[in-house]
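Q: Structure file model.txt (compact mmCIF, C-alpha atoms) right here:
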# COMPACT_ATOMS: atom_id res chain seq x y z
CA MET A 30 8.88 -22.77 -4.97
CA THR A 31 7.46 -20.12 -2.65
CA ASP A 32 3.91 -20.63 -1.43
CA LEU A 33 2.16 -17.24 -1.36
CA LEU A 34 -1.19 -18.67 -0.29
CA TYR A 35 -2.40 -17.82 3.21
CA SER A 36 -1.74 -20.46 5.84
CA GLU A 37 -4.39 -21.60 8.34
CA GLU A 38 -2.65 -19.58 11.04
CA GLU A 39 -2.67 -16.46 8.87
CA GLU A 40 -6.38 -16.87 8.13
CA ALA A 41 -7.09 -17.33 11.85
CA LEU A 42 -5.10 -14.16 12.57
CA ARG A 43 -7.10 -12.32 9.90
CA ALA A 44 -10.40 -13.42 11.41
CA ALA A 45 -9.35 -12.30 14.89
CA VAL A 46 -8.14 -8.89 13.70
CA ARG A 47 -11.25 -8.32 11.55
CA ASP A 48 -13.47 -9.24 14.50
CA LEU A 49 -11.67 -6.79 16.77
CA LEU A 50 -11.81 -3.98 14.19
CA SER A 51 -15.53 -4.51 13.58
CA ASP A 52 -16.00 -3.66 17.27
CA HIS A 53 -13.59 -0.71 17.40
CA CYS A 54 -13.31 0.79 13.91
CA ASP A 55 -16.77 0.86 12.36
CA ALA A 56 -17.13 3.48 9.62
CA PRO A 57 -19.30 6.00 11.55
CA GLY A 58 -16.84 5.82 14.44
CA VAL A 59 -13.82 6.44 12.22
CA ILE A 60 -15.56 9.38 10.51
CA ALA A 61 -16.50 10.84 13.90
CA ARG A 62 -12.87 10.57 15.03
CA THR A 63 -11.62 12.46 11.97
CA GLU A 64 -13.93 15.32 12.96
CA SER A 65 -12.56 15.40 16.50
CA GLY A 66 -9.24 16.68 17.76
CA THR A 67 -8.02 13.12 18.36
CA PRO A 68 -8.17 11.12 15.12
CA HIS A 69 -6.15 8.19 16.49
CA ASP A 70 -8.15 5.36 18.07
CA LEU A 71 -5.93 4.51 21.02
CA ALA A 72 -8.48 2.05 22.42
CA ALA A 73 -8.23 0.02 19.22
CA TRP A 74 -4.44 0.32 19.34
CA LYS A 75 -4.38 -0.96 22.94
CA ALA A 76 -6.59 -3.92 21.97
CA LEU A 77 -4.35 -4.77 19.01
CA ALA A 78 -1.03 -4.19 20.75
CA ASP A 79 -1.70 -5.18 24.34
CA GLY A 80 -4.67 -7.51 23.98
CA MET A 81 -3.46 -9.44 20.91
CA GLY A 82 0.29 -8.76 21.08
CA LEU A 83 0.41 -7.61 17.45
CA ALA A 84 2.78 -4.67 17.99
CA GLY A 85 5.62 -7.15 18.57
CA LEU A 86 5.10 -9.44 15.57
CA LEU A 87 8.42 -8.50 13.96
CA VAL A 88 10.43 -8.55 17.21
CA PRO A 89 12.22 -11.79 18.20
CA GLU A 90 10.88 -13.54 21.28
CA ASP A 91 14.16 -13.12 23.17
CA ARG A 92 13.78 -9.35 22.79
CA GLY A 93 10.23 -9.11 24.07
CA GLY A 94 8.25 -9.74 20.87
CA GLN A 95 6.23 -12.48 19.16
CA GLY A 96 8.94 -13.68 16.77
CA ALA A 97 6.57 -13.86 13.80
CA THR A 98 7.34 -12.95 10.17
CA TYR A 99 6.47 -10.16 7.78
CA ARG A 100 3.75 -12.38 6.32
CA GLU A 101 1.75 -12.20 9.56
CA ALA A 102 2.31 -8.45 9.81
CA ALA A 103 1.07 -8.17 6.20
CA VAL A 104 -2.18 -9.93 7.10
CA VAL A 105 -2.72 -7.49 9.97
CA LEU A 106 -2.10 -4.55 7.62
CA GLU A 107 -4.58 -5.94 5.07
CA GLU A 108 -7.28 -5.82 7.74
CA LEU A 109 -6.21 -2.36 8.95
CA GLY A 110 -6.45 -1.18 5.34
CA ARG A 111 -9.94 -2.68 4.98
CA ALA A 112 -11.07 -0.67 8.01
CA VAL A 113 -8.90 2.44 7.32
CA ALA A 114 -8.12 2.01 11.01
CA PRO A 115 -6.62 5.16 12.57
CA VAL A 116 -3.91 3.32 14.52
CA PRO A 117 -0.10 3.77 14.30
CA TYR A 118 0.61 0.14 13.38
CA LEU A 119 2.62 0.71 10.20
CA THR A 120 4.58 3.61 11.66
CA SER A 121 5.35 2.11 15.09
CA ALA A 122 5.11 -1.71 14.87
CA VAL A 123 6.78 -1.86 11.44
CA VAL A 124 8.86 1.21 10.54
CA ALA A 125 10.10 2.39 13.96
CA THR A 126 10.54 -1.23 15.12
CA GLU A 127 12.60 -2.11 12.04
CA ALA A 128 14.84 0.91 12.63
CA LEU A 129 15.50 -0.27 16.19
CA LEU A 130 16.17 -3.84 15.03
CA ALA A 131 18.72 -2.52 12.53
CA CYS A 132 20.49 -0.58 15.29
CA ASP A 133 20.60 -3.65 17.52
CA ALA A 134 20.17 -1.15 20.34
CA GLU A 135 19.52 -1.90 23.98
CA GLY A 136 16.37 -3.95 24.26
CA GLY A 137 14.38 -1.76 26.65
CA LEU A 138 12.96 0.58 24.04
CA LEU A 139 12.36 -2.25 21.56
CA ALA A 140 10.47 -4.25 24.19
CA GLU A 141 8.34 -1.20 25.01
CA LEU A 142 7.38 -0.79 21.35
CA ALA A 143 6.77 -4.55 21.01
CA SER A 144 4.36 -4.52 23.95
CA GLY A 145 2.59 -1.40 22.71
CA ARG A 146 3.33 0.42 25.97
CA ARG A 147 5.04 3.09 23.88
CA ILE A 148 4.42 4.24 20.34
CA GLY A 149 7.45 4.99 18.21
CA ALA A 150 7.80 7.11 15.08
CA LEU A 151 10.74 7.39 12.73
CA ALA A 152 11.32 11.12 12.19
CA VAL A 153 11.62 10.83 8.40
CA ALA A 154 8.98 12.38 6.13
CA LEU A 155 6.30 9.92 5.03
CA ASN A 156 7.01 10.49 1.33
CA VAL A 157 10.68 9.38 1.46
CA ALA A 158 11.41 6.22 -0.53
CA PRO A 159 13.82 3.47 0.65
CA GLY A 160 17.32 4.69 -0.18
CA GLY A 161 16.03 8.24 -0.76
CA ALA A 162 17.48 11.43 0.71
CA TYR A 163 15.96 12.56 3.99
CA LYS A 164 16.32 15.61 6.20
CA VAL A 165 18.48 15.45 9.33
CA VAL A 166 18.77 17.67 12.40
CA ARG A 167 21.88 19.33 13.87
CA HIS A 168 23.66 17.53 16.70
CA GLU A 169 25.56 19.93 18.93
CA ASP A 170 26.89 19.42 22.47
CA GLY A 171 24.71 16.38 23.06
CA ALA A 172 21.49 18.15 22.00
CA LEU A 173 19.46 18.13 18.79
CA HIS A 174 18.28 21.20 16.90
CA GLY A 175 16.11 21.46 13.79
CA GLU A 176 12.70 21.01 12.21
CA LEU A 177 11.32 17.95 10.41
CA THR A 178 8.06 17.94 8.44
CA GLY A 179 5.65 15.28 7.25
CA ILE A 180 6.23 12.90 10.17
CA ALA A 181 3.36 10.39 10.26
CA ASP A 182 1.68 9.62 13.60
CA ALA A 183 4.09 11.92 15.49
CA ALA A 184 1.10 13.25 17.44
CA VAL A 185 0.70 9.99 19.38
CA ALA A 186 4.35 8.88 19.48
CA GLY A 187 5.99 8.55 22.88
CA VAL A 188 9.46 8.36 21.35
CA LEU A 189 10.86 9.70 18.09
CA LEU A 190 13.80 8.14 16.26
CA VAL A 191 15.64 11.13 14.84
CA PRO A 192 18.49 11.07 12.26
CA ALA A 193 21.18 13.71 12.89
CA ASP A 194 23.94 15.32 10.81
CA ASP A 195 26.63 13.27 12.58
CA GLY A 196 25.22 10.10 10.97
CA GLY A 197 23.61 8.82 14.15
CA LEU A 198 20.03 7.85 14.92
CA TYR A 199 18.83 9.23 18.25
CA ALA A 200 15.91 8.31 20.51
CA VAL A 201 14.14 11.47 21.65
CA ASP A 202 11.26 11.53 24.11
CA ALA A 203 8.19 13.20 22.64
CA ASP A 204 7.97 15.45 25.71
CA ALA A 205 11.23 17.11 24.65
CA VAL A 206 9.98 18.26 21.22
CA THR A 207 7.19 20.40 19.83
CA VAL A 208 4.74 18.55 17.56
CA THR A 209 2.59 20.77 15.32
CA PRO A 210 -0.14 19.07 13.28
CA GLN A 211 -0.11 19.66 9.52
CA SER A 212 -3.23 19.67 7.36
CA PRO A 213 -3.35 16.11 6.01
CA LEU A 214 -5.32 14.76 3.05
CA ASP A 215 -5.68 11.43 4.87
CA LEU A 216 -7.44 12.26 8.13
CA THR A 217 -6.82 8.75 9.50
CA ARG A 218 -3.00 8.98 9.34
CA PRO A 219 -2.12 12.52 10.44
CA VAL A 220 1.29 14.04 9.76
CA ALA A 221 3.03 16.70 11.81
CA THR A 222 6.01 19.02 12.00
CA VAL A 223 8.49 18.11 14.74
CA THR A 224 10.61 20.94 16.13
CA LEU A 225 13.70 20.14 18.21
CA ASP A 226 15.13 23.03 20.18
CA GLY A 227 18.01 21.57 22.16
CA ALA A 228 16.24 18.25 22.76
CA PRO A 229 18.37 15.59 24.45
CA GLY A 230 18.83 12.40 22.41
CA ARG A 231 20.15 8.93 23.15
CA LEU A 232 22.35 7.49 20.40
CA LEU A 233 20.97 4.21 19.05
CA GLY A 234 23.28 3.50 16.10
CA ASP A 235 23.96 4.50 12.50
CA ALA A 236 21.02 6.26 10.88
CA GLU A 237 21.58 5.36 7.21
CA PRO A 238 21.23 1.54 7.36
CA ALA A 239 18.48 1.80 9.98
CA VAL A 240 16.41 4.25 7.92
CA ARG A 241 16.94 2.24 4.74
CA ARG A 242 15.79 -1.01 6.41
CA ALA A 243 12.82 0.70 8.07
CA LEU A 244 11.59 2.39 4.88
CA ARG A 245 12.04 -0.78 2.84
CA ALA A 246 9.87 -2.76 5.26
CA GLY A 247 7.38 0.12 5.38
CA ALA A 248 7.12 0.24 1.59
CA GLY A 249 6.86 -3.54 1.26
CA LEU A 250 4.12 -3.91 3.86
CA LEU A 251 2.26 -0.76 2.78
CA ALA A 252 1.29 -2.78 -0.31
CA SER A 253 -0.72 -5.09 1.96
CA GLU A 254 -2.56 -2.12 3.45
CA GLN A 255 -3.30 -0.92 -0.08
CA LEU A 256 -4.54 -4.42 -0.94
CA GLY A 257 -6.96 -4.43 1.99
CA LEU A 258 -8.21 -1.00 1.00
CA ALA A 259 -8.73 -2.04 -2.65
CA GLU A 260 -10.49 -5.27 -1.65
CA TRP A 261 -12.94 -3.41 0.62
CA THR A 262 -13.81 -0.83 -2.04
CA LEU A 263 -14.34 -3.52 -4.70
CA THR A 264 -16.47 -5.73 -2.41
CA GLU A 265 -18.62 -2.83 -1.22
CA THR A 266 -19.12 -1.53 -4.76
CA VAL A 267 -20.24 -4.94 -6.04
CA ARG A 268 -22.63 -5.28 -3.09
CA TYR A 269 -24.09 -1.82 -3.68
CA LEU A 270 -24.57 -2.36 -7.43
CA LYS A 271 -26.45 -5.59 -6.78
CA GLU A 272 -28.90 -3.72 -4.52
CA ARG A 273 -29.22 -0.40 -6.39
CA LYS A 274 -31.94 -0.50 -9.06
CA GLN A 275 -32.47 1.58 -12.17
CA PHE A 276 -35.15 0.97 -14.79
CA ASN A 277 -36.40 -1.72 -12.40
CA ARG A 278 -33.26 -3.84 -12.65
CA PRO A 279 -30.05 -4.04 -10.57
CA VAL A 280 -27.44 -1.53 -11.76
CA GLY A 281 -24.82 -4.27 -11.52
CA GLY A 282 -26.51 -6.05 -14.42
CA PHE A 283 -25.48 -3.38 -16.93
CA GLN A 284 -22.69 -4.68 -19.12
CA ALA A 285 -20.56 -1.51 -19.03
CA LEU A 286 -20.41 -1.68 -15.23
CA LYS A 287 -19.68 -5.41 -15.29
CA HIS A 288 -16.65 -4.71 -17.47
CA ARG A 289 -15.37 -2.00 -15.11
CA LEU A 290 -15.74 -4.30 -12.12
CA ALA A 291 -14.10 -7.23 -13.91
CA GLN A 292 -11.12 -5.04 -14.79
CA LEU A 293 -10.86 -3.89 -11.19
CA TRP A 294 -11.08 -7.47 -9.90
CA LEU A 295 -8.14 -8.45 -12.14
CA GLU A 296 -6.09 -5.54 -10.83
CA VAL A 297 -6.85 -6.43 -7.20
CA VAL A 298 -5.93 -10.11 -7.75
CA ASN A 299 -2.61 -9.05 -9.27
CA LEU A 300 -2.03 -6.64 -6.39
CA ARG A 301 -2.58 -9.49 -3.93
CA ALA A 302 0.16 -11.51 -5.66
CA ALA A 303 2.59 -8.56 -5.62
CA ALA A 304 1.87 -7.68 -1.98
CA ARG A 305 2.18 -11.29 -0.81
CA ASN A 306 5.42 -11.66 -2.74
CA ALA A 307 6.86 -8.55 -1.05
CA ALA A 308 5.89 -9.82 2.41
CA ASP A 309 7.36 -13.24 1.65
CA ALA A 310 10.60 -11.73 0.26
CA LEU A 311 11.01 -9.62 3.41
CA SER A 312 10.56 -12.82 5.45
CA THR A 313 13.06 -14.91 3.48
CA GLY A 314 15.50 -12.12 2.59
CA GLU A 315 15.55 -13.16 -1.09
CA ASP A 316 15.30 -10.50 -3.85
CA VAL A 317 13.79 -8.08 -1.34
CA ASP A 318 14.56 -4.86 -3.24
CA VAL A 319 13.00 -6.22 -6.45
CA ALA A 320 9.88 -7.57 -4.70
CA VAL A 321 9.28 -4.34 -2.74
CA ALA A 322 9.78 -2.13 -5.81
CA VAL A 323 7.42 -4.29 -7.92
CA ALA A 324 4.75 -4.25 -5.20
CA GLN A 325 4.88 -0.49 -4.72
CA ALA A 326 5.06 0.26 -8.45
CA TYR A 327 1.81 -1.67 -8.83
CA ALA A 328 -0.04 -1.03 -5.55
CA ALA A 329 -0.62 2.71 -5.61
CA PRO A 330 -2.36 2.97 -9.00
CA VAL A 331 -4.60 -0.02 -8.19
CA ALA A 332 -5.64 1.25 -4.75
CA VAL A 333 -6.40 4.73 -6.12
CA HIS A 334 -8.31 3.29 -9.09
CA ALA A 335 -10.36 1.01 -6.82
CA ALA A 336 -11.30 3.91 -4.53
CA GLU A 337 -12.12 6.20 -7.46
CA GLU A 338 -14.36 3.55 -9.03
CA ALA A 339 -16.09 3.00 -5.68
CA LEU A 340 -16.75 6.72 -5.34
CA GLN A 341 -18.13 7.03 -8.88
CA LEU A 342 -20.21 3.85 -8.85
CA HIS A 343 -21.81 4.69 -5.50
CA ALA A 344 -23.05 7.82 -7.32
CA GLY A 345 -24.75 10.44 -5.14
CA ILE A 346 -24.42 8.60 -1.84
CA GLY A 347 -20.68 8.14 -2.44
CA MET A 348 -20.26 11.92 -2.50
CA THR A 349 -21.63 12.34 1.02
CA TRP A 350 -19.48 12.78 4.13
CA GLU A 351 -21.51 10.11 5.93
CA HIS A 352 -20.47 7.38 3.48
CA PRO A 353 -16.95 6.11 4.29
CA VAL A 354 -15.71 5.84 0.68
CA HIS A 355 -14.03 9.28 0.95
CA LEU A 356 -11.82 7.91 3.75
CA TYR A 357 -10.62 5.16 1.41
CA LEU A 358 -9.94 7.53 -1.48
CA LYS A 359 -7.95 9.89 0.75
CA ARG A 360 -5.97 7.02 2.29
CA ALA A 361 -5.29 5.59 -1.19
CA LYS A 362 -4.08 8.97 -2.48
CA ALA A 363 -1.89 9.55 0.61
CA ASP A 364 -0.51 6.00 0.39
CA SER A 365 0.37 6.59 -3.27
CA ILE A 366 3.17 8.95 -2.19
CA ALA A 367 4.04 7.23 1.10
CA TYR A 368 7.49 5.57 1.15
CA GLY A 369 8.05 6.62 -2.46
CA THR A 370 5.76 7.08 -5.46
CA ALA A 371 5.06 4.32 -7.98
CA GLY A 372 7.35 6.17 -10.41
CA ALA A 373 10.20 6.26 -7.90
CA HIS A 374 9.83 2.51 -7.33
CA ARG A 375 9.79 1.83 -11.08
CA GLU A 376 13.05 3.76 -11.39
CA ALA A 377 14.52 1.84 -8.44
CA LEU A 378 13.42 -1.44 -10.01
CA ALA A 379 15.02 -0.55 -13.37
CA GLU A 380 18.26 0.31 -11.58
CA THR A 381 18.19 -2.87 -9.47
CA ILE A 382 17.75 -5.19 -12.45
CA ASP A 383 20.03 -3.07 -14.66
CA LEU A 384 17.33 -2.12 -17.15
CA PRO A 385 18.45 1.05 -18.96
CA ALA A 386 15.98 3.84 -19.69
CA PRO A 387 14.84 4.10 -23.33
Starting from the file, lay out its structure as structure tokens.
A:
Amino acid sequence: MTDLLYSEEEEALRAAVRDLLSDHCDAPGVIARTESGTPHDLAAWKALADGMGLAGLLVPEDRGGQGATYREAAVVLEELGRAVAPVPYLTSAVVATEALLACDAEGGLLAELASGRRIGALAVALNVAPGGAYKVVRHEDGALHGELTGIADAAVAGVLLVPADDGGLYAVDADAVTVTPQSPLDLTRPVATVTLDGAPGRLLGDAEPAVRRALRAGAGLLASEQLGLAEWTLTETVRYLKERKQFNRPVGGFQALKHRLAQLWLEVVNLRAAARNAADALSTGEDVDVAVAVAQAYAAPVAVHAAEEALQLHAGIGMTWEHPVHLYLKRAKADSIAYGTAGAHREALAETIDLPAP
């Protein structure tokens, strides 16, 4: 039987990551970054990737990485979700890295991503589900032409992994393309339009299996980010309601609010089970499609509900720009369409287990 409880090593990893993020990604700092022209916290990324070696968790040791499992990466993403950290971990250390691992390409680029020296981004729109259709660019005379939209973290990527109409996946240096920021809902994970006008690309391998593997890992581990986000909003809301007084008694003592919080706690506990199961399935390779679809079908509604409840129950202060709860609501809403909506994953799950529609 699979043990989904956190191991001592995973808890130690969590403590180290949380400690680092408390120094780098405090709420006022993250809010200030979203108001600047550079929302990504590259100092925090350097500390995570270079200082702690976390960018290479999914890369085997003989290819320049840490040789860890998806379970460890999931713990890191839980903490990044708790802090709504504006770092390209999911997009570079998980999605782009998985695409390279699927290609079994030359190790130089993979080692660079594993060390954090370069940031990679898969040039597939953030809303595409595993196995879903995605836009490709034209490959002609060794150069790539076209425009791709909704590419997460393209603004800080040093290399883009671009699918082309010949079925290949190409590595393209960011200097060779034009990256135009789009107006994102989630200010901590910006998306951009990438324009290729005769950009040279280096063939890595077949795009279809690489994109499928990358998006599946992205969807499966996104649930852990959503878990961290939901846990933070629940914990902070409970803390606030214990302190906030009305009619000379703590607001948290009112029965109607107790019921709302109890319901939310149940949802978060169930989300933890689904997210851990997805991370474990990715690690063992057993029933991966089912575990990922279940986690994503459940995660988005819970994360959004948790953030909405936090916003409402913080009342007036929750509506202010200075309070960080708006960052969590926007991340939860953006995550709810990232790597496929909950509805798309329910449909995929029904198809996988051969459950016909009513």
Q: Please list, as a list in words, the residues that have an atom at most 8 Å away from (-2.3, 6.9, -0.3) in the coordinates of this file, counting only C-alpha atoms.
A: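 With a cut-off of 8 Å, the residues come to Asp215, Gln255, Ala329, Ala332, Val333, Leu358, Lys359, Arg360, Ala361, Lys362, Ala363, Asp364, Ser365, Ile366 and Ala367 of chain A.
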Q: Can you tell me which residues surround Val105 in chain A at a distance of at most 8 Å, considering all atoms listed in the file, apart from same-chain residues fewer than 6 positions away, and format the answer as a ChimeraX atom specification?
A: /A:42-43,46
Q: Of the candidates A:Gly179, A:Pro385, A:Gly94, A:Gly249, which shows the shortest atom-to-atom distance to Val208 in chain A, using all atoms listed in the file?
A: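 Closest to Val208 in chain A, using all atoms listed in the file: A:Gly179.
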Q: Select, from A:Leu378, A:Val116, A:Ala186, A:Ala302, the residue with the minimum atom-to-atom distance to Pro159 in chain A, counting all atoms listed in the file.
A: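 Distance minimum relative to Pro159 in chain A lands on A:Leu378.
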Q: Quick one: of A:Leu77, A:Leu34, A:Val191, A:Val88, who's nearest to Leu139 in chain A, counting all atoms listed in the file?
A: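 So, comparing all the options, the nearest one is A:Val88.
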Q: Just give me the gap between CA of Pro213 in chain A and CA of Ala143 in chain A in Å, one decimal is fine.
A: 27.5 Å
Q: If we count all atoms listed in the file and set the cut-off at 8 Å, which residues sit around Leu33 in chain A, ignoring sequence neighbours fewer than 3 positions away in its own chain? Please answer as a PyMOL selection string.
A: chain A and resi 302+305-306+309
Q: Quick one: of A:Gln325, A:Thr349, A:Thr381, A:Thr120, who's nearest to Arg218 in chain A, counting all atoms listed in the file?
A: A:Thr120
Q: Quick one: pull the distance between CA of Glu39 in chain A and CA of Glu254 in chain A, Å, one decimal.
A: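 Between CA of Glu39 in chain A and CA of Glu254 in chain A the gap works out to 15.3 Å.
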Q: Quick check, in Å to one decimal: how far apart do CA of Tyr327 in chain A and CA of Gly257 in chain A lie?
A: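 Interatomic distance, CA of Tyr327 in chain A to CA of Gly257 in chain A: 14.2 Å.
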Q: Go through A:Leu342, A:Ala97, A:Val165, A:Leu244 one by one, measure the shortest atom-to-atom distance of each to Glu265 in chain A using only C-alpha atoms, and give the residue with the smallest value.
A: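 Closest to Glu265 in chain A, using only C-alpha atoms: A:Leu342.
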Q: Can you pull out every residue within 10 Å of Ile382 in chain A, counting all atoms listed in the file, but drop anything in the same chain fewer than 4 positions away, and send it as a short mmCIF file (atom, residue, chain, number, x, y, z; two decimals) with C-alpha atoms, in the coordinates of the input?
A:
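The resulting file, out_14.cif, is reproduced below:
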data_model
loop_
_atom_site.label_atom_id
_atom_site.label_comp_id
_atom_site.auth_asym_id
_atom_site.auth_seq_id
_atom_site.Cartn_x
_atom_site.Cartn_y
_atom_site.Cartn_z
CA ASP A 318 14.56 -4.86 -3.24
CA VAL A 319 13.00 -6.22 -6.45
CA ALA A 377 14.52 1.84 -8.44
CA LEU A 378 13.42 -1.44 -10.01
#
Q: Counting all atoms listed in the file, figure out which residue out of A:Ala291, A:Leu250, A:Val59, A:Leu286 gets nearest to Glu101 in chain A.
A: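 Closest to Glu101 in chain A of all the choices is A:Leu250.
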Q: Set the distance at 12 Å and use all atoms listed in the file: which residues neighbour Thr98 in chain A once local chain neighbours fewer than 3 positions away are removed? I'd like the list as an MDAnalysis selection string.
A: chainID A and resid 39 83 85:90 94:95 101:105 123 246 250 308:314
